[in-house]
$ cat entry.txt   # compact mmCIF, C-alpha atoms
# COMPACT_ATOMS: atom_id res chain seq x y z
CA MET A 1 59.54 -12.88 21.03
CA GLU A 2 61.94 -12.52 23.89
CA LYS A 3 63.98 -9.78 22.22
CA ASN A 4 60.86 -7.63 22.36
CA TRP A 5 59.47 -8.69 25.75
CA GLU A 6 61.18 -9.37 29.02
CA ARG A 7 60.73 -13.00 29.95
CA VAL A 8 59.62 -13.60 33.54
CA THR A 9 61.34 -16.56 35.20
CA ASP A 10 59.76 -16.44 38.66
CA PRO A 11 59.90 -20.14 39.67
CA ALA A 12 56.57 -20.00 41.53
CA VAL A 13 54.72 -18.60 38.49
CA THR A 14 56.45 -21.00 36.11
CA ALA A 15 55.69 -24.00 38.32
CA ARG A 16 52.04 -22.99 38.55
CA LEU A 17 51.64 -22.80 34.77
CA ASN A 18 53.62 -25.98 34.16
CA MET A 19 51.41 -27.81 36.64
CA ILE A 20 48.34 -26.68 34.68
CA LEU A 21 49.98 -27.68 31.37
CA SER A 22 50.76 -31.15 32.75
CA HIS A 23 47.02 -31.84 33.03
CA PHE A 24 46.58 -31.16 29.31
CA LYS A 25 49.57 -33.02 27.87
CA PRO A 26 48.03 -36.54 27.98
CA HIS A 27 45.16 -35.28 25.81
CA LEU A 28 47.18 -33.52 23.10
CA GLU A 29 47.66 -35.30 19.78
CA ARG A 30 50.55 -33.45 18.13
CA ASN A 31 54.05 -34.44 19.15
CA LEU A 32 55.23 -30.92 19.96
CA PRO A 33 57.53 -29.83 22.81
CA TYR A 34 54.72 -27.95 24.52
CA GLU A 35 55.93 -25.33 27.00
CA VAL A 36 54.46 -22.33 28.83
CA ARG A 37 56.40 -19.09 29.29
CA VAL A 38 55.61 -15.71 30.84
CA ILE A 39 56.45 -12.28 29.44
CA LYS A 40 56.27 -9.01 31.34
CA ASP A 41 53.28 -6.91 30.33
CA ASP A 42 51.30 -5.61 33.28
CA ASN A 43 48.74 -3.75 31.15
CA VAL A 44 47.25 -6.20 28.64
CA PRO A 45 45.81 -9.58 29.74
CA ASN A 46 47.02 -11.62 26.79
CA ALA A 47 48.13 -15.09 25.78
CA PHE A 48 49.22 -16.57 22.48
CA SER A 49 50.75 -19.74 21.10
CA LEU A 50 53.50 -20.18 18.52
CA PRO A 51 53.36 -22.98 15.94
CA GLY A 52 56.18 -24.87 17.70
CA GLY A 53 54.13 -25.43 20.86
CA ILE A 54 55.23 -22.55 23.11
CA VAL A 55 52.35 -20.76 24.84
CA TYR A 56 53.03 -17.28 26.23
CA PHE A 57 51.09 -15.58 29.04
CA THR A 58 51.49 -11.94 29.95
CA THR A 59 51.85 -11.03 33.62
CA ALA A 60 48.59 -9.06 33.28
CA MET A 61 46.70 -12.22 32.26
CA ILE A 62 48.05 -14.14 35.25
CA LYS A 63 46.89 -11.33 37.52
CA PHE A 64 43.52 -11.00 35.77
CA ALA A 65 42.60 -14.69 36.13
CA LYS A 66 40.83 -15.47 39.40
CA SER A 67 41.95 -19.09 39.64
CA ASP A 68 44.00 -21.90 38.13
CA ALA A 69 40.82 -22.98 36.37
CA GLU A 70 40.57 -19.65 34.51
CA LEU A 71 44.25 -19.82 33.53
CA ALA A 72 43.56 -23.36 32.32
CA GLY A 73 40.66 -22.04 30.23
CA VAL A 74 42.99 -19.60 28.46
CA MET A 75 45.64 -22.29 28.04
CA ALA A 76 43.11 -24.74 26.59
CA HIS A 77 42.13 -22.16 23.95
CA GLU A 78 45.77 -21.55 22.96
CA LEU A 79 46.63 -25.25 22.93
CA ALA A 80 43.70 -25.81 20.58
CA HIS A 81 45.18 -23.20 18.21
CA ALA A 82 48.49 -25.09 18.27
CA GLU A 83 46.91 -28.53 17.91
CA LYS A 84 44.93 -27.44 14.83
CA LYS A 85 47.77 -25.42 13.24
CA HIS A 86 45.63 -22.28 13.24
CA VAL A 87 48.55 -19.86 12.96
CA MET A 88 49.79 -21.52 9.78
CA ILE A 89 46.27 -21.82 8.35
CA GLN A 90 45.62 -18.12 8.94
CA VAL A 91 48.97 -17.08 7.46
CA ALA A 92 48.30 -19.25 4.42
CA ARG A 93 44.90 -17.61 4.03
CA ASN A 94 46.40 -14.15 4.41
CA GLN A 95 48.99 -14.91 1.73
CA ARG A 96 46.56 -16.96 -0.39
CA LEU A 97 48.89 -19.95 -0.25
CA SER A 98 48.36 -23.62 0.47
CA LEU A 99 49.88 -25.03 3.64
CA LEU A 100 52.20 -27.12 1.44
CA SER A 101 53.55 -24.12 -0.49
CA LEU A 102 53.90 -22.17 2.74
CA GLY A 103 55.96 -25.02 4.20
CA ILE A 104 58.20 -25.14 1.14
CA ILE A 105 58.85 -21.37 1.25
CA VAL A 106 59.76 -21.49 4.93
CA ALA A 107 61.90 -24.62 4.54
CA THR A 108 63.90 -23.19 1.62
CA GLY A 109 64.63 -19.90 3.38
CA GLY A 110 65.15 -16.58 1.63
CA GLN A 111 63.49 -13.21 1.93
CA ALA A 112 59.96 -14.54 1.38
CA ALA A 113 60.41 -17.00 4.22
CA ALA A 114 61.55 -14.22 6.57
CA LEU A 115 58.49 -12.13 5.71
CA LEU A 116 56.15 -15.06 6.20
CA LEU A 117 57.70 -15.92 9.55
CA THR A 118 57.18 -12.31 10.62
CA ASN A 119 53.53 -12.75 9.64
CA VAL A 120 53.40 -15.97 11.69
CA ALA A 121 54.56 -14.03 14.75
CA GLN A 122 52.05 -11.24 14.14
CA VAL A 123 49.15 -13.67 13.80
CA ALA A 124 50.18 -15.48 16.98
CA ILE A 125 50.66 -12.36 19.08
CA MET A 126 47.64 -10.42 17.83
CA ASN A 127 45.37 -13.49 17.80
CA SER A 128 44.12 -12.31 14.42
CA TYR A 129 42.39 -15.52 13.40
CA SER A 130 39.21 -15.82 11.37
CA ARG A 131 36.00 -16.30 13.30
CA ASP A 132 35.72 -19.98 12.31
CA LEU A 133 39.19 -20.71 13.73
CA GLU A 134 38.38 -18.86 16.95
CA GLU A 135 35.14 -20.79 17.43
CA GLU A 136 36.96 -24.05 16.75
CA ALA A 137 39.60 -23.14 19.35
CA ASP A 138 36.83 -22.39 21.85
CA MET A 139 34.97 -25.65 21.21
CA ILE A 140 38.09 -27.84 21.24
CA GLY A 141 39.46 -25.90 24.21
CA LEU A 142 36.24 -26.53 26.12
CA ASP A 143 36.66 -30.28 25.67
CA PHE A 144 40.37 -30.06 26.56
CA LEU A 145 39.43 -28.24 29.75
CA VAL A 146 37.03 -30.98 30.83
CA LYS A 147 39.47 -33.78 29.93
CA ALA A 148 42.16 -32.04 31.98
CA GLY A 149 39.85 -32.04 35.00
CA TYR A 150 39.00 -28.34 35.16
CA PRO A 151 35.44 -26.91 35.36
CA PRO A 152 34.26 -25.79 31.90
CA SER A 153 32.61 -22.75 33.50
CA ALA A 154 36.09 -21.21 33.80
CA MET A 155 36.05 -20.29 30.11
CA VAL A 156 32.80 -18.37 30.62
CA THR A 157 33.69 -16.53 33.83
CA LEU A 158 36.88 -15.06 32.34
CA LEU A 159 34.97 -13.81 29.29
CA GLU A 160 32.28 -12.28 31.49
CA ARG A 161 34.83 -10.30 33.48
CA LEU A 162 36.50 -9.09 30.28
CA ALA A 163 33.07 -7.94 29.10
CA GLU A 164 32.62 -6.18 32.45
CA GLU A 165 35.94 -4.38 32.00
CA GLU A 166 34.87 -3.22 28.54
CA ILE A 167 31.68 -1.73 29.99
CA LYS A 168 33.43 -0.04 32.92
CA ARG A 169 36.41 1.11 30.86
CA PRO A 170 35.58 1.75 27.17
CA TYR A 171 39.28 1.92 26.30
CA PHE A 172 40.12 -1.35 28.03
CA ASP A 173 42.45 -3.47 25.89
CA PRO A 174 41.11 -7.05 25.93
CA GLY A 175 44.42 -8.46 24.69
CA ILE A 176 43.82 -12.08 23.77
CA TYR A 177 40.28 -11.26 22.67
CA GLN A 178 40.87 -8.05 20.77
CA SER A 179 40.12 -9.48 17.32
CA HIS A 180 37.97 -12.41 18.40
CA PRO A 181 34.20 -12.62 17.96
CA LYS A 182 32.29 -10.25 20.26
CA LEU A 183 32.52 -11.25 23.89
CA LYS A 184 28.74 -11.54 24.29
CA ASP A 185 28.61 -13.86 21.25
CA ARG A 186 31.38 -16.04 22.63
CA ILE A 187 29.67 -16.26 26.02
CA GLU A 188 26.43 -17.24 24.31
CA TYR A 189 27.83 -19.94 22.06
CA LEU A 190 30.02 -21.35 24.84
CA THR A 191 27.10 -21.61 27.28
CA ASN A 192 24.98 -23.21 24.54
CA ALA A 193 27.78 -25.67 23.80
CA MET A 194 28.03 -26.54 27.49
CA LYS A 195 24.30 -27.29 27.61
CA SER A 196 24.45 -29.44 24.48
CA LYS A 197 27.43 -31.39 25.85
CA GLY A 198 25.80 -31.82 29.26
CA TYR A 199 28.34 -29.66 31.11
CA ARG A 200 26.90 -27.86 34.11
CA LEU A 201 27.40 -24.09 34.22
CA ASN A 202 28.54 -23.48 37.79
CA ARG A 203 30.46 -20.23 38.26
CA LYS A 204 30.71 -20.74 42.02
CA GLU A 205 33.40 -23.42 41.81
CA VAL A 206 35.58 -21.19 39.62
CA LEU A 207 35.15 -17.91 41.50
CA GLY A 208 35.32 -19.36 45.01
CA VAL A 209 32.13 -17.76 46.32
CA LEU A 210 29.07 -19.01 48.23
CA ARG A 211 31.27 -21.22 50.40
CA VAL A 212 29.32 -22.62 53.35
CA GLU A 213 31.06 -23.73 56.55
CA ALA A 214 30.03 -25.03 59.96
CA THR A 215 32.45 -24.14 62.77
CA GLU A 216 32.57 -24.08 66.57
CA GLU A 217 33.73 -21.13 68.62
CA ASN A 218 33.59 -20.35 72.37
CA GLY A 219 30.79 -22.83 73.04
CA PHE A 220 28.74 -21.78 70.00
CA CYS A 221 28.11 -23.47 66.66
CA LEU A 222 28.27 -21.14 63.66
CA LEU A 223 27.02 -21.50 60.10
CA THR A 224 28.69 -19.08 57.67
CA ILE A 225 28.49 -18.21 53.97
CA ASP A 226 31.64 -16.55 52.64
CA GLY A 227 32.62 -15.78 56.23
CA GLU A 228 29.31 -14.05 57.11
CA VAL A 229 27.47 -15.65 60.04
CA ILE A 230 23.93 -16.71 59.12
CA MET A 231 23.31 -18.79 62.25
CA LYS A 232 24.86 -18.78 65.72
CA VAL A 233 23.50 -21.18 68.33
CA LYS A 234 24.63 -22.70 71.62
CA GLY A 235 26.88 -25.65 70.87
CA ASP A 236 26.65 -29.32 71.75
CA GLU A 237 27.45 -32.49 69.83
CA LYS A 238 23.95 -32.89 68.39
CA THR A 239 23.78 -29.25 67.27
CA ALA A 240 27.23 -29.46 65.68
CA LEU A 241 26.11 -32.51 63.67
CA VAL A 242 22.97 -30.72 62.47
CA LEU A 243 24.92 -27.67 61.34
CA ARG A 244 27.60 -29.76 59.59
CA ASP A 245 24.91 -31.67 57.72
CA MET A 246 23.17 -28.43 56.85
CA ALA A 247 26.43 -26.83 55.68
CA GLY A 248 27.20 -29.76 53.37
CA LYS A 249 23.77 -29.71 51.77
CA LEU A 250 23.70 -25.94 51.44
CA ASP A 251 27.21 -25.82 49.94
CA ASP A 252 26.21 -28.37 47.30
CA ALA A 253 22.93 -26.64 46.49
CA LEU A 254 23.94 -22.96 46.38
CA ARG A 255 24.95 -21.65 42.95
CA LEU A 256 25.25 -18.17 41.47
CA GLU A 257 22.81 -19.25 38.77
CA LEU A 258 19.96 -19.76 41.27
CA GLU A 259 16.94 -17.51 41.02
CA PRO A 260 15.72 -16.06 44.37
CA TYR A 261 12.43 -17.95 44.12
CA GLU A 262 14.40 -21.22 44.10
CA ILE A 263 15.35 -20.56 47.74
CA LYS A 264 12.02 -21.31 49.32
CA LEU A 265 10.07 -22.72 52.25
CA LEU A 266 7.90 -25.79 51.70
CA ASP A 267 5.42 -27.64 53.92
CA HIS A 268 5.35 -31.43 53.68
CA GLU A 269 3.48 -33.86 55.93
CA GLY A 270 3.19 -31.35 58.73
CA GLU A 271 6.85 -30.24 58.63
CA ARG A 272 8.30 -27.03 57.21
CA TYR A 273 11.52 -27.22 55.19
CA LEU A 274 14.06 -24.78 53.83
CA CYS A 275 14.77 -25.83 50.24
CA VAL A 276 17.34 -24.64 47.74
CA GLY A 277 16.41 -25.70 44.24
CA PRO A 278 15.15 -29.28 44.48
CA ASP A 279 17.17 -30.00 47.65
CA ARG A 280 15.78 -30.04 51.18
CA ILE A 281 18.33 -28.40 53.45
CA VAL A 282 16.77 -28.52 56.91
CA SER A 283 13.40 -28.59 58.66
CA GLN A 284 12.35 -26.22 61.43
CA ASP A 285 11.98 -29.22 63.77
CA ASP A 286 15.64 -30.21 63.22
CA LEU A 287 16.97 -26.82 64.28
CA PRO A 288 17.91 -26.15 67.93
CA PRO A 289 15.48 -24.02 69.99
CA ASP A 290 17.65 -20.88 69.87
CA ALA A 291 18.07 -21.02 66.07
CA PRO A 292 16.54 -18.32 63.86
CA SER A 293 13.34 -19.14 62.00
CA LEU A 294 13.47 -20.63 58.51
CA GLU A 295 12.14 -17.30 57.20
CA GLU A 296 15.13 -15.50 58.75
CA LEU A 297 17.53 -18.08 57.37
CA ARG A 298 16.05 -17.75 53.90
CA GLY A 299 16.50 -13.97 54.07
CA LYS A 300 20.16 -14.29 55.08
CA ILE A 301 20.86 -16.83 52.33
CA LEU A 302 19.25 -14.53 49.74
CA LEU A 303 21.46 -11.68 50.97
CA ALA A 304 24.56 -13.89 50.69
CA LEU A 305 23.56 -14.82 47.12
CA GLU A 306 23.18 -11.16 46.18
CA LYS A 307 26.55 -10.24 47.72
CA ALA A 308 28.24 -13.06 45.81
CA ARG A 309 26.64 -11.95 42.54
CA GLN A 310 27.91 -8.41 43.09
CA LYS A 311 31.45 -9.78 42.91
CA HIS A 312 30.78 -10.91 39.34
CA THR A 313 28.57 -8.19 37.88
CA PHE A 314 27.28 -7.58 34.33
CA THR A 315 26.41 -11.26 34.04
CA ASN A 316 23.23 -12.93 32.84
CA PHE A 317 23.07 -15.69 35.42
CA VAL A 318 20.05 -17.37 33.83
CA LEU A 319 21.85 -18.23 30.54

$ encode --input "entry.txt" --output "structure tokens"
Amino acid sequence: MEKNWERVTDPAVTARLNMILSHFKPHLERNLPYEVRVIKDDNVPNAFSLPGGIVYFTTAMIKFAKSDAELAGVMAHELAHAEKKHVMIQVARNQRLSLLSLGIIVATGGQAAALLLTNVAQVAIMNSYSRDLEEEADMIGLDFLVKAGYPPSAMVTLLERLAEEEIKRPYFDPGIYQSHPKLKDRIEYLTNAMKSKGYRLNRKEVLGVLRVEATEENGFCLLTIDGEVIMKVKGDEKTALVLRDMAGKLDDALRLELEPYEIKLLDHEGERYLCVGPDRIVSQDDLPPDAPSLEELRGKILLALEKARQKHTFTNFVL
């Protein structure tokens, strides 16, 4: 591998990937010396695993991923290939050999072994697995991701952005996914698997958008979404408490998957409330006198939702 690609040894990058790998190791069954390495390729976002437990990332993949969670999603997929011996299974299929006979050929050396090992490398690098092996790597990887403490949505968000790149740039090289099932099919079966397993699809926590904060500045209390001010009122201790409570509830309730009609105003027992999904965020009576109306707040929250969605386009948020 490393005769053909320059290995990147940047300690910050290596430490980041090793930290992610450390979350997976307790959940891996095979006793392999698992390791993550980086090779220089700034054009193709790719990753692949060798049968011995080494997982390679290209520099383009590290740049393409939006977060540690998305890198973990790629790593989980590749670790699943290694755990289930997918490279060797695919090579055996390609050569119409059993795994036992393949092992004997490799162990005894000779020209046939050299050719087969070349095929092993090609399968690993090109990710040229059969569809059933790819789906198995996705399903096992999804469970690995959850066990390692990462949001399962990270597998979906990365695929969605790759699909976006394919639409915007027809000649985009999807690297790791070049011979996989179609991206839209993978997104569909992964989201269905998440539903069946009870995993919540929440892109917000992966992409770092729709972040709500309550701050104080020059005698004013501010409520912001992704840095945009949606409320600015004169500050005192009571007002600061109201806005902090509102920020916490709104941050928990806001998701990219919300439909606009789920951000609504409801009347209950003579009070009017701003609600997001099933959650009551604040009533008009709780807001300070100089606060905007609930109708204005709803409009600003809808605008913030639309802006956040525009950062992750070509996505069916209601899947």

$ residues_around --input "entry.txt" --residues "A:His86" --least-positions-apart "5" --cutoff "12 Å" --atoms "only C-alpha atoms" --output "PDB file with C-alpha atoms, keeping the file's coordinate frame"
ATOM      1  CA  PHE A  48      49.220 -16.570  22.480  1.00  0.00           C
ATOM      2  CA  SER A  49      50.750 -19.740  21.100  1.00  0.00           C
ATOM      3  CA  LEU A  50      53.500 -20.180  18.520  1.00  0.00           C
ATOM      4  CA  PRO A  51      53.360 -22.980  15.940  1.00  0.00           C
ATOM      5  CA  GLY A  52      56.180 -24.870  17.700  1.00  0.00           C
ATOM      6  CA  GLY A  53      54.130 -25.430  20.860  1.00  0.00           C
ATOM      7  CA  HIS A  77      42.130 -22.160  23.950  1.00  0.00           C
ATOM      8  CA  GLU A  78      45.770 -21.550  22.960  1.00  0.00           C
ATOM      9  CA  LEU A  79      46.630 -25.250  22.930  1.00  0.00           C
ATOM     10  CA  ALA A  80      43.700 -25.810  20.580  1.00  0.00           C
ATOM     11  CA  HIS A  81      45.180 -23.200  18.210  1.00  0.00           C
ATOM     12  CA  VAL A  91      48.970 -17.080   7.460  1.00  0.00           C
ATOM     13  CA  ALA A  92      48.300 -19.250   4.420  1.00  0.00           C
ATOM     14  CA  ARG A  93      44.900 -17.610   4.030  1.00  0.00           C
ATOM     15  CA  LEU A  99      49.880 -25.030   3.640  1.00  0.00           C
ATOM     16  CA  VAL A 120      53.400 -15.970  11.690  1.00  0.00           C
ATOM     17  CA  VAL A 123      49.150 -13.670  13.800  1.00  0.00           C
ATOM     18  CA  ALA A 124      50.180 -15.480  16.980  1.00  0.00           C
ATOM     19  CA  ASN A 127      45.370 -13.490  17.800  1.00  0.00           C
ATOM     20  CA  SER A 128      44.120 -12.310  14.420  1.00  0.00           C
ATOM     21  CA  TYR A 129      42.390 -15.520  13.400  1.00  0.00           C
ATOM     22  CA  SER A 130      39.210 -15.820  11.370  1.00  0.00           C
ATOM     23  CA  ARG A 131      36.000 -16.300  13.300  1.00  0.00           C
ATOM     24  CA  ASP A 132      35.720 -19.980  12.310  1.00  0.00           C
ATOM     25  CA  LEU A 133      39.190 -20.710  13.730  1.00  0.00           C
ATOM     26  CA  GLU A 134      38.380 -18.860  16.950  1.00  0.00           C
ATOM     27  CA  GLU A 135      35.140 -20.790  17.430  1.00  0.00           C
ATOM     28  CA  GLU A 136      36.960 -24.050  16.750  1.00  0.00           C
ATOM     29  CA  ALA A 137      39.600 -23.140  19.350  1.00  0.00           C
TER      30      ALA A 137
END

$ atom_distance --input "entry.txt" --atom1 "atom CA of A:Ala163" --atom2 "atom CA of A:Val38"
23.9 Å

$ closest_atom_pairs --input "entry.txt" --of "stretch 138-233 of chain A" --to "stretch 286-289 of chain A" --cutoff "12 Å" --atoms "only C-alpha atoms" --output "Markdown table"
| residue | atom | partner | partner_atom | distance |
| --- | --- | --- | --- | --- |
| A:Phe220 | CA | A:Pro288 | CA | 11.9 |
| A:Cys221 | CA | A:Pro288 | CA | 10.6 |
| A:Met231 | CA | A:Leu287 | CA | 10.4 |
| A:Lys232 | CA | A:Pro288 | CA | 10.4 |
| A:Val233 | CA | A:Pro288 | CA | 7.5 |

$ atom_distance --input "entry.txt" --atom1 "atom CA of A:Glu165" --atom2 "atom CA of A:Gly198"
29.4 Å

$ atom_distance --input "entry.txt" --atom1 "atom CA of A:Asp285" --atom2 "atom CA of A:Val209"
29.0 Å

$ residues_around --input "entry.txt" --residues "stretch 214-216 of chain A" --least-positions-apart "4" --cutoff "9 Å" --atoms "all atoms listed in the file" --output "PyMOL selection string"
chain A and resi 220-224+235+240+243-248

$ closest_residue --input "entry.txt" --among "A:Met88, A:Asp42, A:Leu250, A:Ala121" --to "A:Glu2" --atoms "only C-alpha atoms"
A:Ala121

$ residues_around --input "entry.txt" --residues "A:Lys40" --least-positions-apart "6" --cutoff "9 Å" --atoms "all atoms listed in the file" --output "list in words"
Trp5, Glu6, Arg7, Val8, Phe57, Thr58, Thr59 and Ala60 of chain A

$ write_last_selection --input "entry.txt" --atoms "C-alpha atoms" --output "CSV table (one decimal), keeping the file's coordinate frame"
chain,number,residue,atom,x,y,z
A,5,TRP,CA,59.5,-8.7,25.8
A,6,GLU,CA,61.2,-9.4,29.0
A,7,ARG,CA,60.7,-13.0,30.0
A,8,VAL,CA,59.6,-13.6,33.5
A,57,PHE,CA,51.1,-15.6,29.0
A,58,THR,CA,51.5,-11.9,30.0
A,59,THR,CA,51.8,-11.0,33.6
A,60,ALA,CA,48.6,-9.1,33.3

$ closest_residue --input "entry.txt" --among "A:Pro45, A:Pro26, A:Gly109, A:Gly227" --to "A:Phe144" --atoms "all atoms listed in the file"
A:Pro26

$ closest_residue --input "entry.txt" --among "A:Glu166, A:Gln95, A:Leu117, A:Thr191" --to "A:Asp138" --atoms "all atoms listed in the file"
A:Thr191

$ closest_residue --input "entry.txt" --among "A:Val13, A:Ala291, A:Ile225, A:Leu303" --to "A:Ile263" --atoms "only C-alpha atoms"
A:Leu303

$ residues_around --input "entry.txt" --residues "A:Arg16" --least-positions-apart "4" --cutoff "12 Å" --atoms "all atoms listed in the file" --output "tab-separated table (two decimals) with C-alpha atoms, in the frame of the given file"
chain	number	residue	atom	x	y	z
A	9	THR	CA	61.34	-16.56	35.20
A	10	ASP	CA	59.76	-16.44	38.66
A	11	PRO	CA	59.90	-20.14	39.67
A	12	ALA	CA	56.57	-20.00	41.53
A	20	ILE	CA	48.34	-26.68	34.68
A	21	LEU	CA	49.98	-27.68	31.37
A	22	SER	CA	50.76	-31.15	32.75
A	23	HIS	CA	47.02	-31.84	33.03
A	36	VAL	CA	54.46	-22.33	28.83
A	37	ARG	CA	56.40	-19.09	29.29
A	38	VAL	CA	55.61	-15.71	30.84
A	62	ILE	CA	48.05	-14.14	35.25
A	67	SER	CA	41.95	-19.09	39.64
A	68	ASP	CA	44.00	-21.90	38.13
A	69	ALA	CA	40.82	-22.98	36.37
A	71	LEU	CA	44.25	-19.82	33.53
A	72	ALA	CA	43.56	-23.36	32.32

$ closest_residue --input "entry.txt" --among "A:Lys147, A:Lys234, A:Lys168, A:Arg255" --to "A:Leu302" --atoms "all atoms listed in the file"
A:Arg255

$ closest_residue --input "entry.txt" --among "A:Lys249, A:Asp236, A:Leu201, A:Val242" --to "A:Glu217" --atoms "all atoms listed in the file"
A:Asp236

$ build_atoms --input "entry.txt" --residues "stretch 211-232 of chain A" --atoms "N, CA and C atoms" --output "mmCIF file, in the frame of the given file"
data_model
loop_
_atom_site.group_PDB
_atom_site.id
_atom_site.type_symbol
_atom_site.label_atom_id
_atom_site.label_comp_id
_atom_site.auth_asym_id
_atom_site.auth_seq_id
_atom_site.Cartn_x
_atom_site.Cartn_y
_atom_site.Cartn_z
ATOM 1 N N ARG A 211 30.691 -20.107 49.651
ATOM 2 C CA ARG A 211 31.270 -21.220 50.400
ATOM 3 C C ARG A 211 30.622 -21.294 51.779
ATOM 4 N N VAL A 212 30.052 -22.441 52.094
ATOM 5 C CA VAL A 212 29.320 -22.620 53.350
ATOM 6 C C VAL A 212 30.171 -23.457 54.304
ATOM 7 N N GLU A 213 30.260 -23.008 55.555
ATOM 8 C CA GLU A 213 31.060 -23.730 56.550
ATOM 9 C C GLU A 213 30.321 -23.789 57.873
ATOM 10 N N ALA A 214 30.516 -24.888 58.589
ATOM 11 C CA ALA A 214 30.030 -25.030 59.960
ATOM 12 C C ALA A 214 31.246 -25.087 60.868
ATOM 13 N N THR A 215 31.297 -24.192 61.865
ATOM 14 C CA THR A 215 32.450 -24.140 62.770
ATOM 15 C C THR A 215 31.954 -24.041 64.214
ATOM 16 N N GLU A 216 32.886 -24.213 65.143
ATOM 17 C CA GLU A 216 32.570 -24.080 66.570
ATOM 18 C C GLU A 216 33.503 -23.049 67.183
ATOM 19 N N GLU A 217 32.943 -22.213 68.047
ATOM 20 C CA GLU A 217 33.730 -21.130 68.620
ATOM 21 C C GLU A 217 33.158 -20.703 69.967
ATOM 22 N N ASN A 218 33.971 -20.820 71.018
ATOM 23 C CA ASN A 218 33.590 -20.350 72.370
ATOM 24 C C ASN A 218 32.240 -20.896 72.819
ATOM 25 N N GLY A 219 32.024 -22.203 72.585
ATOM 26 C CA GLY A 219 30.790 -22.830 73.040
ATOM 27 C C GLY A 219 29.605 -22.614 72.124
ATOM 28 N N PHE A 220 29.819 -21.987 70.975
ATOM 29 C CA PHE A 220 28.740 -21.780 70.000
ATOM 30 C C PHE A 220 29.051 -22.521 68.708
ATOM 31 N N CYS A 221 27.992 -22.905 68.004
ATOM 32 C CA CYS A 221 28.110 -23.470 66.660
ATOM 33 C C CYS A 221 27.691 -22.396 65.666
ATOM 34 N N LEU A 222 28.518 -22.202 64.635
ATOM 35 C CA LEU A 222 28.270 -21.140 63.660
ATOM 36 C C LEU A 222 28.101 -21.741 62.262
ATOM 37 N N LEU A 223 27.181 -21.174 61.513
ATOM 38 C CA LEU A 223 27.020 -21.500 60.100
ATOM 39 C C LEU A 223 27.313 -20.220 59.325
ATOM 40 N N THR A 224 28.292 -20.288 58.389
ATOM 41 C CA THR A 224 28.690 -19.080 57.670
ATOM 42 C C THR A 224 28.616 -19.308 56.158
ATOM 43 N N ILE A 225 28.377 -18.214 55.437
ATOM 44 C CA ILE A 225 28.490 -18.210 53.970
ATOM 45 C C ILE A 225 29.470 -17.109 53.615
ATOM 46 N N ASP A 226 30.568 -17.494 52.985
ATOM 47 C CA ASP A 226 31.640 -16.550 52.640
ATOM 48 C C ASP A 226 32.083 -15.734 53.854
ATOM 49 N N GLY A 227 32.139 -16.410 55.001
ATOM 50 C CA GLY A 227 32.620 -15.780 56.230
ATOM 51 C C GLY A 227 31.579 -15.000 56.998
ATOM 52 N N GLU A 228 30.391 -14.788 56.422
ATOM 53 C CA GLU A 228 29.310 -14.050 57.110
ATOM 54 C C GLU A 228 28.459 -15.041 57.897
ATOM 55 N N VAL A 229 28.245 -14.752 59.178
ATOM 56 C CA VAL A 229 27.470 -15.650 60.040
ATOM 57 C C VAL A 229 25.984 -15.545 59.690
ATOM 58 N N ILE A 230 25.378 -16.702 59.359
ATOM 59 C CA ILE A 230 23.930 -16.710 59.120
ATOM 60 C C ILE A 230 23.182 -17.444 60.241
ATOM 61 N N MET A 231 23.932 -18.155 61.083
ATOM 62 C CA MET A 231 23.310 -18.790 62.250
ATOM 63 C C MET A 231 24.363 -18.960 63.334
ATOM 64 N N LYS A 232 23.993 -18.597 64.566
ATOM 65 C CA LYS A 232 24.860 -18.780 65.720
ATOM 66 C C LYS A 232 24.007 -19.315 66.858
#
